[in-house]
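Please read the structure below before turning to the comments.
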Amino acid sequence: KLTIDWYRIDFANGIGRWDTESSVTRCFDPGFNPNYDPANTYCTFFTRVAQTGDMYALELNRNIGGVETTGVDVQLDWGADVGAGRLGAQVYLTYVDEWLATEPDGRSVDYAGTIGNRGLGGAIPRWRSMSRLGYDRGALGGFLRWQHIDAMRDARYRDFRVPTHDYFDVGASYAFDTGWLRGLSVTAGIENLFDEEPPLFPSYPQSNTDPSQYDVLGRRYFIGARYRF
């Protein structure tokens, strides 16, 4: 089964909070505020005490712009009898063609293929996929899972490139169908098989990575059990 969906999402006057670091940076950046005008849009997101220079953020919900994005989602489900068992595969793939953000000052910026756009959760890879290959033979099953994240440029430092990342998980399961353990299934496996470390990039100020996008825990093992009455 193959499903292909093209999407286009467009909304304006989005409500949210512009982060303090970005607003201060852009207020004093001639690229966004060439005349260093205190009435500039980004300068209104914080206040300063004239006597001390201390800054106070005004992180209030307000209209901060909009987003227009287009892309394609693909899903493939396949299965076939192979030998004494059944082989199955699932592939989920998404491609972001554009992610045009209308920012508070009215300019439009395409963030597709960038990371670090306003910090955590600001990663927009053009290509991303999740694939699973499994084989079941009677009560025993095994699987290999592959997650692919496309390379991205830093949203603020465009010359800095975060490389492609791939994660692999493996696991096996056994379902008891006879005796007093009937109804019990046990699963065990390894996540992040090759112990891939998350990438570091300059525009995220806290841990210099994006834990909402990358695995920050490293290789780990799991075991689980489920009993069905």
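Ligands are numbered from 1 in the order shown, residues from 1 within each chain, and chains are lettered A, B, ... in the order they appear in the structure tokens.
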
Determine, using only C-alpha atoms, which residues of range 2-110 of chain A have any atom at most 12 Å from an atom of range 192-211 of chain A, and tabulate each with its shortest atom pair and distance in Å to one decimal place, rows ordered by chain and then rising number, as a Markdown table.
```
| residue | atom | partner | partner_atom | distance |
| --- | --- | --- | --- | --- |
| A:Asp19 | CA | A:Tyr204 | CA | 11.9 |
| A:Glu21 | CA | A:Pro205 | CA | 9.2 |
| A:Ser22 | CA | A:Ser203 | CA | 10.0 |
| A:Thr25 | CA | A:Ser203 | CA | 11.7 |
```

Could you write out that same residue set with N, CA and C atoms as a tab-separated table (two decimals), in the first residue's frame?
```tsv
chain	number	residue	atom	x	y	z
A	19	ASP	N	11.31	34.91	21.51
A	19	ASP	CA	12.26	34.73	22.60
A	19	ASP	C	13.15	35.96	22.78
A	21	GLU	N	16.35	36.43	23.61
A	21	GLU	CA	17.68	36.51	23.00
A	21	GLU	C	17.61	36.98	21.56
A	22	SER	N	16.66	36.44	20.79
A	22	SER	CA	16.53	36.82	19.38
A	22	SER	C	16.11	38.28	19.24
A	25	THR	N	19.11	40.56	20.09
A	25	THR	CA	20.10	40.47	19.03
A	25	THR	C	19.67	41.25	17.81
```

Check which residues of range 43-153 of chain A sit at most 12 Å from range 3-6 of chain A using only C-alpha atoms, and return one row each with the closest pair of atoms and their distance in Å to one decimal, ordered by chain and rising number, as a tab-separated table.
```
residue	atom	partner	partner_atom	distance
A:Thr69	CA	A:Trp6	CA	10.9
A:Thr70	CA	A:Trp6	CA	7.5
A:Gly71	CA	A:Trp6	CA	5.9
A:Val72	CA	A:Trp6	CA	4.4
A:Asp73	CA	A:Asp5	CA	5.1
A:Val74	CA	A:Ile4	CA	4.6
A:Gln75	CA	A:Thr3	CA	5.1
A:Leu76	CA	A:Thr3	CA	6.4
A:Asp77	CA	A:Thr3	CA	8.8
A:Trp78	CA	A:Thr3	CA	11.7
A:Gln90	CA	A:Thr3	CA	11.5
A:Val91	CA	A:Thr3	CA	10.4
A:Tyr92	CA	A:Thr3	CA	9.7
A:Leu93	CA	A:Ile4	CA	9.5
A:Thr94	CA	A:Asp5	CA	9.5
A:Tyr95	CA	A:Trp6	CA	9.5
A:Val96	CA	A:Trp6	CA	10.0
A:Asp97	CA	A:Trp6	CA	10.2
```

N, CA and C atoms of the current selection, written as a PDB file, in the first residue's frame:
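Printed below is out-v5.pdb as written:
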```
ATOM      1  N   THR A  69       3.720  26.849   4.488  1.00  0.00           N
ATOM      2  CA  THR A  69       4.594  25.704   4.240  1.00  0.00           C
ATOM      3  C   THR A  69       3.945  24.732   3.273  1.00  0.00           C
ATOM      4  N   THR A  70       4.772  24.131   2.436  1.00  0.00           N
ATOM      5  CA  THR A  70       4.313  23.112   1.494  1.00  0.00           C
ATOM      6  C   THR A  70       5.278  21.932   1.537  1.00  0.00           C
ATOM      7  N   GLY A  71       4.772  20.754   1.241  1.00  0.00           N
ATOM      8  CA  GLY A  71       5.619  19.573   1.251  1.00  0.00           C
ATOM      9  C   GLY A  71       4.852  18.332   0.841  1.00  0.00           C
ATOM     10  N   VAL A  72       5.501  17.184   0.983  1.00  0.00           N
ATOM     11  CA  VAL A  72       4.926  15.899   0.572  1.00  0.00           C
ATOM     12  C   VAL A  72       5.171  14.884   1.676  1.00  0.00           C
ATOM     13  N   ASP A  73       4.150  14.099   2.011  1.00  0.00           N
ATOM     14  CA  ASP A  73       4.260  12.982   2.941  1.00  0.00           C
ATOM     15  C   ASP A  73       4.017  11.679   2.178  1.00  0.00           C
ATOM     16  N   VAL A  74       4.857  10.693   2.417  1.00  0.00           N
ATOM     17  CA  VAL A  74       4.747   9.401   1.743  1.00  0.00           C
ATOM     18  C   VAL A  74       4.723   8.292   2.787  1.00  0.00           C
ATOM     19  N   GLN A  75       3.812   7.335   2.611  1.00  0.00           N
ATOM     20  CA  GLN A  75       3.756   6.170   3.489  1.00  0.00           C
ATOM     21  C   GLN A  75       3.658   4.917   2.630  1.00  0.00           C
ATOM     22  N   LEU A  76       4.525   3.941   2.946  1.00  0.00           N
ATOM     23  CA  LEU A  76       4.542   2.671   2.212  1.00  0.00           C
ATOM     24  C   LEU A  76       4.438   1.526   3.214  1.00  0.00           C
ATOM     25  N   ASP A  77       3.482   0.633   2.987  1.00  0.00           N
ATOM     26  CA  ASP A  77       3.325  -0.582   3.785  1.00  0.00           C
ATOM     27  C   ASP A  77       3.401  -1.775   2.832  1.00  0.00           C
ATOM     28  N   TRP A  78       4.283  -2.721   3.157  1.00  0.00           N
ATOM     29  CA  TRP A  78       4.496  -3.863   2.269  1.00  0.00           C
ATOM     30  C   TRP A  78       4.742  -5.116   3.092  1.00  0.00           C
ATOM     31  N   GLN A  90       7.709  -1.007   6.547  1.00  0.00           N
ATOM     32  CA  GLN A  90       6.949   0.236   6.603  1.00  0.00           C
ATOM     33  C   GLN A  90       7.922   1.397   6.433  1.00  0.00           C
ATOM     34  N   VAL A  91       7.543   2.353   5.588  1.00  0.00           N
ATOM     35  CA  VAL A  91       8.377   3.528   5.347  1.00  0.00           C
ATOM     36  C   VAL A  91       7.498   4.770   5.465  1.00  0.00           C
ATOM     37  N   TYR A  92       7.953   5.717   6.289  1.00  0.00           N
ATOM     38  CA  TYR A  92       7.283   7.009   6.427  1.00  0.00           C
ATOM     39  C   TYR A  92       8.300   8.081   6.057  1.00  0.00           C
ATOM     40  N   LEU A  93       7.979   8.878   5.056  1.00  0.00           N
ATOM     41  CA  LEU A  93       8.910   9.876   4.553  1.00  0.00           C
ATOM     42  C   LEU A  93       8.200  11.213   4.405  1.00  0.00           C
ATOM     43  N   THR A  94       8.889  12.277   4.786  1.00  0.00           N
ATOM     44  CA  THR A  94       8.319  13.608   4.602  1.00  0.00           C
ATOM     45  C   THR A  94       9.355  14.522   3.976  1.00  0.00           C
ATOM     46  N   TYR A  95       8.903  15.361   3.059  1.00  0.00           N
ATOM     47  CA  TYR A  95       9.764  16.337   2.389  1.00  0.00           C
ATOM     48  C   TYR A  95       9.127  17.717   2.547  1.00  0.00           C
ATOM     49  N   VAL A  96       9.903  18.664   3.064  1.00  0.00           N
ATOM     50  CA  VAL A  96       9.441  20.039   3.231  1.00  0.00           C
ATOM     51  C   VAL A  96       9.995  20.861   2.077  1.00  0.00           C
ATOM     52  N   ASP A  97       9.130  21.341   1.211  1.00  0.00           N
ATOM     53  CA  ASP A  97       9.560  22.133   0.056  1.00  0.00           C
ATOM     54  C   ASP A  97       9.907  23.550   0.478  1.00  0.00           C
TER      55      ASP A  97
END
```

Self-check item: DSSP alpha helix (DSSP H) selection over chain A, as a VMD selection string
Solution: chain A and resid 20 to 27

Practice problem: Once DSSP has gone over the backbone, tell me which residues of range 42-131 of chain A are in strand (DSSP E or B), as a PyMOL selection string. | Solution: chain A and resi 46-48+55-57+62-82+85-102+108-110+114-115+124+127-131

Once you count only C-alpha atoms, what closest atom pair and distance in Å to one decimal does each residue of range 158-199 of chain A within 6 Å of range 130-152 of chain A have, with rows by chain and rising residue number, as a Markdown table?
```
| residue | atom | partner | partner_atom | distance |
| --- | --- | --- | --- | --- |
| A:Arg161 | CA | A:Met152 | CA | 5.8 |
| A:Val162 | CA | A:Met152 | CA | 5.2 |
| A:Pro163 | CA | A:Ala151 | CA | 4.5 |
| A:Thr164 | CA | A:Ala151 | CA | 4.1 |
| A:His165 | CA | A:Ile149 | CA | 5.2 |
| A:Asp166 | CA | A:His148 | CA | 4.6 |
| A:Tyr167 | CA | A:Gln147 | CA | 5.1 |
| A:Phe168 | CA | A:Trp146 | CA | 4.7 |
| A:Asp169 | CA | A:Arg145 | CA | 5.0 |
| A:Val170 | CA | A:Leu144 | CA | 4.6 |
| A:Gly171 | CA | A:Phe143 | CA | 5.5 |
| A:Ala172 | CA | A:Gly142 | CA | 4.1 |
| A:Ser173 | CA | A:Gly141 | CA | 5.1 |
| A:Tyr174 | CA | A:Leu140 | CA | 4.6 |
| A:Ala175 | CA | A:Ala139 | CA | 4.9 |
```

Might you pull out every residue within 6 Å of Asp154 in chain A, with only C-alpha atoms counted and same-chain residues fewer than 3 positions away left off, and present them as a CSV table (one decimal) with N, CA, C and O atoms, in the first residue's frame?
```csv
chain,number,residue,atom,x,y,z
A,114,THR,N,16.8,24.3,7.7
A,114,THR,CA,17.6,24.9,8.7
A,114,THR,C,17.3,24.4,10.1
A,114,THR,O,16.3,23.7,10.3
A,115,ILE,N,18.2,24.7,11.0
A,115,ILE,CA,18.1,24.3,12.4
A,115,ILE,C,18.4,25.4,13.3
A,115,ILE,O,19.3,26.3,13.0
A,116,GLY,N,17.8,25.5,14.5
A,116,GLY,CA,18.1,26.6,15.4
A,116,GLY,C,17.3,27.8,15.3
A,116,GLY,O,17.5,28.9,15.8
A,157,TYR,N,23.6,31.2,11.7
A,157,TYR,CA,24.9,31.2,11.1
A,157,TYR,C,24.9,30.3,9.9
A,157,TYR,O,25.2,29.1,10.0
A,158,ARG,N,24.5,30.9,8.7
A,158,ARG,CA,24.2,30.0,7.6
A,158,ARG,C,25.3,29.3,7.0
A,158,ARG,O,25.1,28.3,6.2
A,160,PHE,N,27.3,27.5,8.8
A,160,PHE,CA,27.5,26.3,9.6
A,160,PHE,C,26.5,25.3,9.2
A,160,PHE,O,25.3,25.5,9.2
```

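Of the listed residues A:Arg26, A:Cys43, A:Val67, A:Asp177, the one whose atoms come nearest to Ile9 in chain A is A:Val67, with distances taken using only C-alpha atoms.
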
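CA of Ala155 in chain A sits 16.5 Å away from CA of Pro104 in chain A.
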
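Excluding Val24 in chain A itself and any same-chain residue fewer than 2 positions from it, the protein and nucleic acid residues within 12 Å of it, counting only C-alpha atoms, are Trp18, Asp19, Thr20, Glu21, Ser22, Arg26, Cys27, Phe28, Asp29, Phe32, Asn33, Tyr36, Pro38, Asn40, Thr41, Tyr42, Cys43, Thr44, Phe45, Phe46, Thr47, Arg48, Met55, Tyr56, Ala57, Leu58 and Glu59 of chain A.
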
Those residues with N, CA and C atoms, as a PDB file, in the first residue's frame please?
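This went into part35.pdb:
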```
ATOM      1  N   TRP A  18       7.957  35.770  21.161  1.00  0.00           N
ATOM      2  CA  TRP A  18       9.271  35.842  20.539  1.00  0.00           C
ATOM      3  C   TRP A  18      10.315  35.804  21.646  1.00  0.00           C
ATOM      4  N   ASP A  19      11.312  34.911  21.506  1.00  0.00           N
ATOM      5  CA  ASP A  19      12.264  34.731  22.596  1.00  0.00           C
ATOM      6  C   ASP A  19      13.147  35.964  22.777  1.00  0.00           C
ATOM      7  N   THR A  20      13.548  36.209  24.029  1.00  0.00           N
ATOM      8  CA  THR A  20      14.272  37.426  24.398  1.00  0.00           C
ATOM      9  C   THR A  20      15.604  37.534  23.687  1.00  0.00           C
ATOM     10  N   GLU A  21      16.350  36.435  23.614  1.00  0.00           N
ATOM     11  CA  GLU A  21      17.677  36.507  23.000  1.00  0.00           C
ATOM     12  C   GLU A  21      17.605  36.980  21.557  1.00  0.00           C
ATOM     13  N   SER A  22      16.655  36.440  20.786  1.00  0.00           N
ATOM     14  CA  SER A  22      16.534  36.824  19.381  1.00  0.00           C
ATOM     15  C   SER A  22      16.105  38.276  19.242  1.00  0.00           C
ATOM     16  N   ARG A  26      18.406  41.116  17.406  1.00  0.00           N
ATOM     17  CA  ARG A  26      17.946  41.784  16.198  1.00  0.00           C
ATOM     18  C   ARG A  26      17.721  43.282  16.421  1.00  0.00           C
ATOM     19  N   CYS A  27      17.393  43.662  17.635  1.00  0.00           N
ATOM     20  CA  CYS A  27      17.229  45.090  17.926  1.00  0.00           C
ATOM     21  C   CYS A  27      18.530  45.841  17.666  1.00  0.00           C
ATOM     22  N   PHE A  28      19.670  45.213  17.975  1.00  0.00           N
ATOM     23  CA  PHE A  28      20.971  45.868  17.823  1.00  0.00           C
ATOM     24  C   PHE A  28      21.743  45.369  16.603  1.00  0.00           C
ATOM     25  N   ASP A  29      21.045  44.699  15.700  1.00  0.00           N
ATOM     26  CA  ASP A  29      21.666  44.217  14.469  1.00  0.00           C
ATOM     27  C   ASP A  29      21.283  45.152  13.325  1.00  0.00           C
ATOM     28  N   PHE A  32      18.676  44.157  10.763  1.00  0.00           N
ATOM     29  CA  PHE A  32      17.258  44.206  11.102  1.00  0.00           C
ATOM     30  C   PHE A  32      16.822  45.604  11.565  1.00  0.00           C
ATOM     31  N   ASN A  33      17.749  46.370  12.093  1.00  0.00           N
ATOM     32  CA  ASN A  33      17.441  47.705  12.607  1.00  0.00           C
ATOM     33  C   ASN A  33      18.568  48.649  12.195  1.00  0.00           C
ATOM     34  N   TYR A  36      19.121  51.780  14.239  1.00  0.00           N
ATOM     35  CA  TYR A  36      19.078  51.578  15.700  1.00  0.00           C
ATOM     36  C   TYR A  36      17.930  52.364  16.333  1.00  0.00           C
ATOM     37  N   PRO A  38      14.812  52.843  18.507  1.00  0.00           N
ATOM     38  CA  PRO A  38      14.231  52.168  19.676  1.00  0.00           C
ATOM     39  C   PRO A  38      12.792  51.738  19.456  1.00  0.00           C
ATOM     40  N   ASN A  40      11.859  50.176  16.776  1.00  0.00           N
ATOM     41  CA  ASN A  40      11.889  49.011  15.911  1.00  0.00           C
ATOM     42  C   ASN A  40      11.099  47.864  16.541  1.00  0.00           C
ATOM     43  N   THR A  41      10.462  47.061  15.700  1.00  0.00           N
ATOM     44  CA  THR A  41       9.597  45.985  16.188  1.00  0.00           C
ATOM     45  C   THR A  41      10.291  45.121  17.229  1.00  0.00           C
ATOM     46  N   TYR A  42      11.530  44.720  16.954  1.00  0.00           N
ATOM     47  CA  TYR A  42      12.227  43.810  17.873  1.00  0.00           C
ATOM     48  C   TYR A  42      12.601  44.496  19.181  1.00  0.00           C
ATOM     49  N   CYS A  43      12.783  45.795  19.160  1.00  0.00           N
ATOM     50  CA  CYS A  43      13.127  46.527  20.385  1.00  0.00           C
ATOM     51  C   CYS A  43      11.937  46.652  21.337  1.00  0.00           C
ATOM     52  N   THR A  44      10.744  46.404  20.816  1.00  0.00           N
ATOM     53  CA  THR A  44       9.559  46.507  21.678  1.00  0.00           C
ATOM     54  C   THR A  44       9.328  45.251  22.498  1.00  0.00           C
ATOM     55  N   PHE A  45      10.165  44.220  22.272  1.00  0.00           N
ATOM     56  CA  PHE A  45       9.995  42.975  23.021  1.00  0.00           C
ATOM     57  C   PHE A  45      10.714  43.006  24.369  1.00  0.00           C
ATOM     58  N   PHE A  46      11.388  44.103  24.680  1.00  0.00           N
ATOM     59  CA  PHE A  46      12.047  44.230  25.980  1.00  0.00           C
ATOM     60  C   PHE A  46      12.189  45.721  26.320  1.00  0.00           C
ATOM     61  N   THR A  47      12.467  45.999  27.560  1.00  0.00           N
ATOM     62  CA  THR A  47      12.698  47.373  28.005  1.00  0.00           C
ATOM     63  C   THR A  47      14.061  47.456  28.673  1.00  0.00           C
ATOM     64  N   ARG A  48      14.589  48.683  28.752  1.00  0.00           N
ATOM     65  CA  ARG A  48      15.875  48.921  29.398  1.00  0.00           C
ATOM     66  C   ARG A  48      15.736  50.028  30.436  1.00  0.00           C
ATOM     67  N   MET A  55      18.110  45.043  31.301  1.00  0.00           N
ATOM     68  CA  MET A  55      17.042  44.724  30.359  1.00  0.00           C
ATOM     69  C   MET A  55      15.986  43.857  31.026  1.00  0.00           C
ATOM     70  N   TYR A  56      14.740  44.098  30.661  1.00  0.00           N
ATOM     71  CA  TYR A  56      13.631  43.299  31.164  1.00  0.00           C
ATOM     72  C   TYR A  56      12.810  42.833  29.974  1.00  0.00           C
ATOM     73  N   ALA A  57      12.604  41.532  29.905  1.00  0.00           N
ATOM     74  CA  ALA A  57      11.886  40.963  28.771  1.00  0.00           C
ATOM     75  C   ALA A  57      10.394  41.186  28.906  1.00  0.00           C
ATOM     76  N   LEU A  58       9.758  41.368  27.759  1.00  0.00           N
ATOM     77  CA  LEU A  58       8.298  41.475  27.694  1.00  0.00           C
ATOM     78  C   LEU A  58       7.778  40.307  26.862  1.00  0.00           C
ATOM     79  N   GLU A  59       7.915  39.119  27.400  1.00  0.00           N
ATOM     80  CA  GLU A  59       7.508  37.921  26.670  1.00  0.00           C
ATOM     81  C   GLU A  59       6.012  37.701  26.843  1.00  0.00           C
TER      82      GLU A  59
END
```

Quiz item: Which residues come within 12 Å of Tyr227 in chain A, counting only C-alpha atoms, excluding same-chain residues fewer than 6 positions away, as number ranges by chain?
Solution: A: 174-177, 180-187
